[in-house]
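> The structure is given below, and queries will be raised subsequently.
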Amino acid sequence: MESRPSRWLVALVGLTGILAAIASAAGILLRGDLETRVFTTLRGDAVEYLTDGAYRFNGINMASEGIGWDLVTLLVVVPALALTLPSLLRGTLRGTLLAAGFLVYFLYQYAEYAVGLAYGPLFPVYVGIIALSVSGLALLLSRVDIGALPERFGPQFPRRAMVAFGLYM
């Protein structure tokens with residue numbers, strides 16, 4: 001596993017993070033005037049939705065949640081990915097697995113945005129992030145020698161705790 005990935009693969013992972021930072025910053029900063037209107041659904045429920053900004057035509061609750069996740073992505077996930085890139089460039093297993101984990105986060109987050117939010121100006125960026133995440137994930141994981149993984153983790157590795165955490169999530 002300790003072979004170095006090509007620079008373009010590291011650049012692809014970095015570009016995914018840059019696009020995620022752009023999408024997140026746009027979701028936070030381009031909120032519009034926060035004017036809302038009320039729409040009554042066929043079932044008679046009143047839904048308050050935004051009329052302007054990146055989250056236009058989305059319910060106020062959905063937009064609020066999106067802005068919260070945009071903050072997490074911009075302030076936590078993207079910087080953590082940036083800190084991971086040097087170890088990915090060195091070809092370490094830890095860097096590869098961390099970068100793959102961040103790409104899974106981006107894939108899940110922006111697939112949810114692409115299909116769960118009303119079509120808006122950031123939709124093409126969401127689709128781009130999805131495409132880059134899938135491609136980068138496939139290329140990164142193709143470099144991992146699955147048969148050699150068990151010998152990389154010693155007896156002190158918290159296997160049961162990791163399984164429990166995975167099942168909980």
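Identifiers for the structure tokens are assigned positionally: chains receive A, B, ... in sequence, residues are indexed from 1 per chain, and ligands are indexed from 1 in the order shown.
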Using the chain letters and numbers from this document, which residues of stretch 30-144 of chain A does DSSP assign to alpha helix (DSSP H), as an MDAnalysis selection string?
chainID A and resid 60:72 78:90 93:116 123:141
> If we count only C-alpha atoms, what is near A:Pro124 at a cut-off of 12 Å, once residues fewer than 3 positions away on the same chain are taken out, given as a ChimeraX atom specification?
/A:19-20,23,110-111,113-115,119-121,127-131
> Could you name the residues that touch A:Thr84 at 8 Å or less, counting only C-alpha atoms, but leaving out those on the same chain fewer than 6 positions away, as an mmCIF file with all heavy atoms, in the first residue's frame?

```cif
data_model
loop_
_atom_site.group_PDB
_atom_site.id
_atom_site.type_symbol
_atom_site.label_atom_id
_atom_site.label_comp_id
_atom_site.auth_asym_id
_atom_site.auth_seq_id
_atom_site.Cartn_x
_atom_site.Cartn_y
_atom_site.Cartn_z
ATOM 1 N N GLY A 95 -3.610 7.866 5.245
ATOM 2 C CA GLY A 95 -4.031 8.972 4.384
ATOM 3 C C GLY A 95 -5.042 8.536 3.339
ATOM 4 O O GLY A 95 -6.012 9.247 3.060
ATOM 5 N N LEU A 98 -8.391 7.822 5.187
ATOM 6 C CA LEU A 98 -9.007 9.081 5.611
ATOM 7 C C LEU A 98 -9.598 9.831 4.416
ATOM 8 O O LEU A 98 -10.734 10.314 4.471
ATOM 9 C CB LEU A 98 -7.987 9.965 6.330
ATOM 10 C CG LEU A 98 -7.732 9.662 7.791
ATOM 11 C CD1 LEU A 98 -6.546 10.466 8.311
ATOM 12 C CD2 LEU A 98 -8.963 9.950 8.621
ATOM 13 N N ALA A 99 -8.833 9.928 3.341
ATOM 14 C CA ALA A 99 -9.330 10.620 2.147
ATOM 15 C C ALA A 99 -10.564 9.913 1.599
ATOM 16 O O ALA A 99 -11.534 10.569 1.189
ATOM 17 C CB ALA A 99 -8.232 10.695 1.089
#
```
> Quick one: everything within 12 Å of A:Met62, counting only C-alpha atoms, minus sequence neighbours fewer than 2 positions away in the same chain. Send it as a list in words.
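Returned residues: Val47, Glu48, Tyr49, Leu50, Tyr55, Arg56, Phe57, Asn58, Gly59, Ile60, Ser64, Glu65, Gly66, Ile67, Gly68, Trp69, Glu112, Tyr113, Gly116, Leu117 and Ala118 of chain A.
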> Write out as a PyMOL selection string all residues of chain A that backbone DSSP assigns to strand (DSSP E or B).
chain A and resi 36-40+46-50+59
> Store the residues picked out above in a file with C-alpha atoms, as a short mmCIF file (atom, residue, chain, number, x, y, z; two decimals), in the first residue's frame.

```cif
data_model
loop_
_atom_site.label_atom_id
_atom_site.label_comp_id
_atom_site.auth_asym_id
_atom_site.auth_seq_id
_atom_site.Cartn_x
_atom_site.Cartn_y
_atom_site.Cartn_z
CA THR A 36 -40.58 33.51 2.96
CA ARG A 37 -43.96 32.60 1.58
CA VAL A 38 -46.44 30.00 2.70
CA PHE A 39 -47.56 27.16 0.45
CA THR A 40 -50.44 24.86 1.33
CA ALA A 46 -48.79 24.94 5.47
CA VAL A 47 -45.11 24.98 4.41
CA GLU A 48 -43.03 28.12 4.75
CA TYR A 49 -40.39 28.33 2.00
CA LEU A 50 -37.63 30.76 1.03
CA GLY A 59 -38.77 24.90 3.26
#
```
> Would you mind telling me which residue in A:Ser6, A:Gly147, A:Ala11, A:Leu74 lies nearest to A:Leu29 when using only C-alpha atoms?
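Nearest candidate to A:Leu29 out of A:Ser6, A:Gly147, A:Ala11, A:Leu74: A:Leu74.
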> Please indicate the distance in Å from atom CA of A:Val77 to atom CA of A:Val134, rounded to one decimal place.
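These two atoms are separated by 17.3 Å.
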> What does the distance from atom CA of A:Gly53 to atom CA of A:Ala25 come to in Å, to one decimal?
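So the answer is 12.4 Å.
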> Kindly indicate which residue among A:Thr16, A:Ala26, A:Leu141, A:Pro79 lies nearest to A:Leu122, using only C-alpha atoms for the distances.
A:Ala26
> Let me make sure I understand: among A:Ile146, A:Met169, A:Leu140, A:Ala161, which one has the smallest atom-to-atom distance to A:Leu89 if we use only C-alpha atoms?
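That would be A:Leu140, the residue with the smallest distance to A:Leu89.
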> Which residue out of A:Ile28, A:Ala54, A:Val10, A:Val78 has the minimum interatomic distance to A:Phe102 when only C-alpha atoms are used?
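Closest candidate: A:Val78.
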> Compare A:Gly44, A:Val104, A:Thr51, A:Leu30 by their minimum atom-to-atom distance to A:Val13, counting only C-alpha atoms, and give me the closest one.
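Looking at the shortest contact to A:Val13, the residue is A:Val104.
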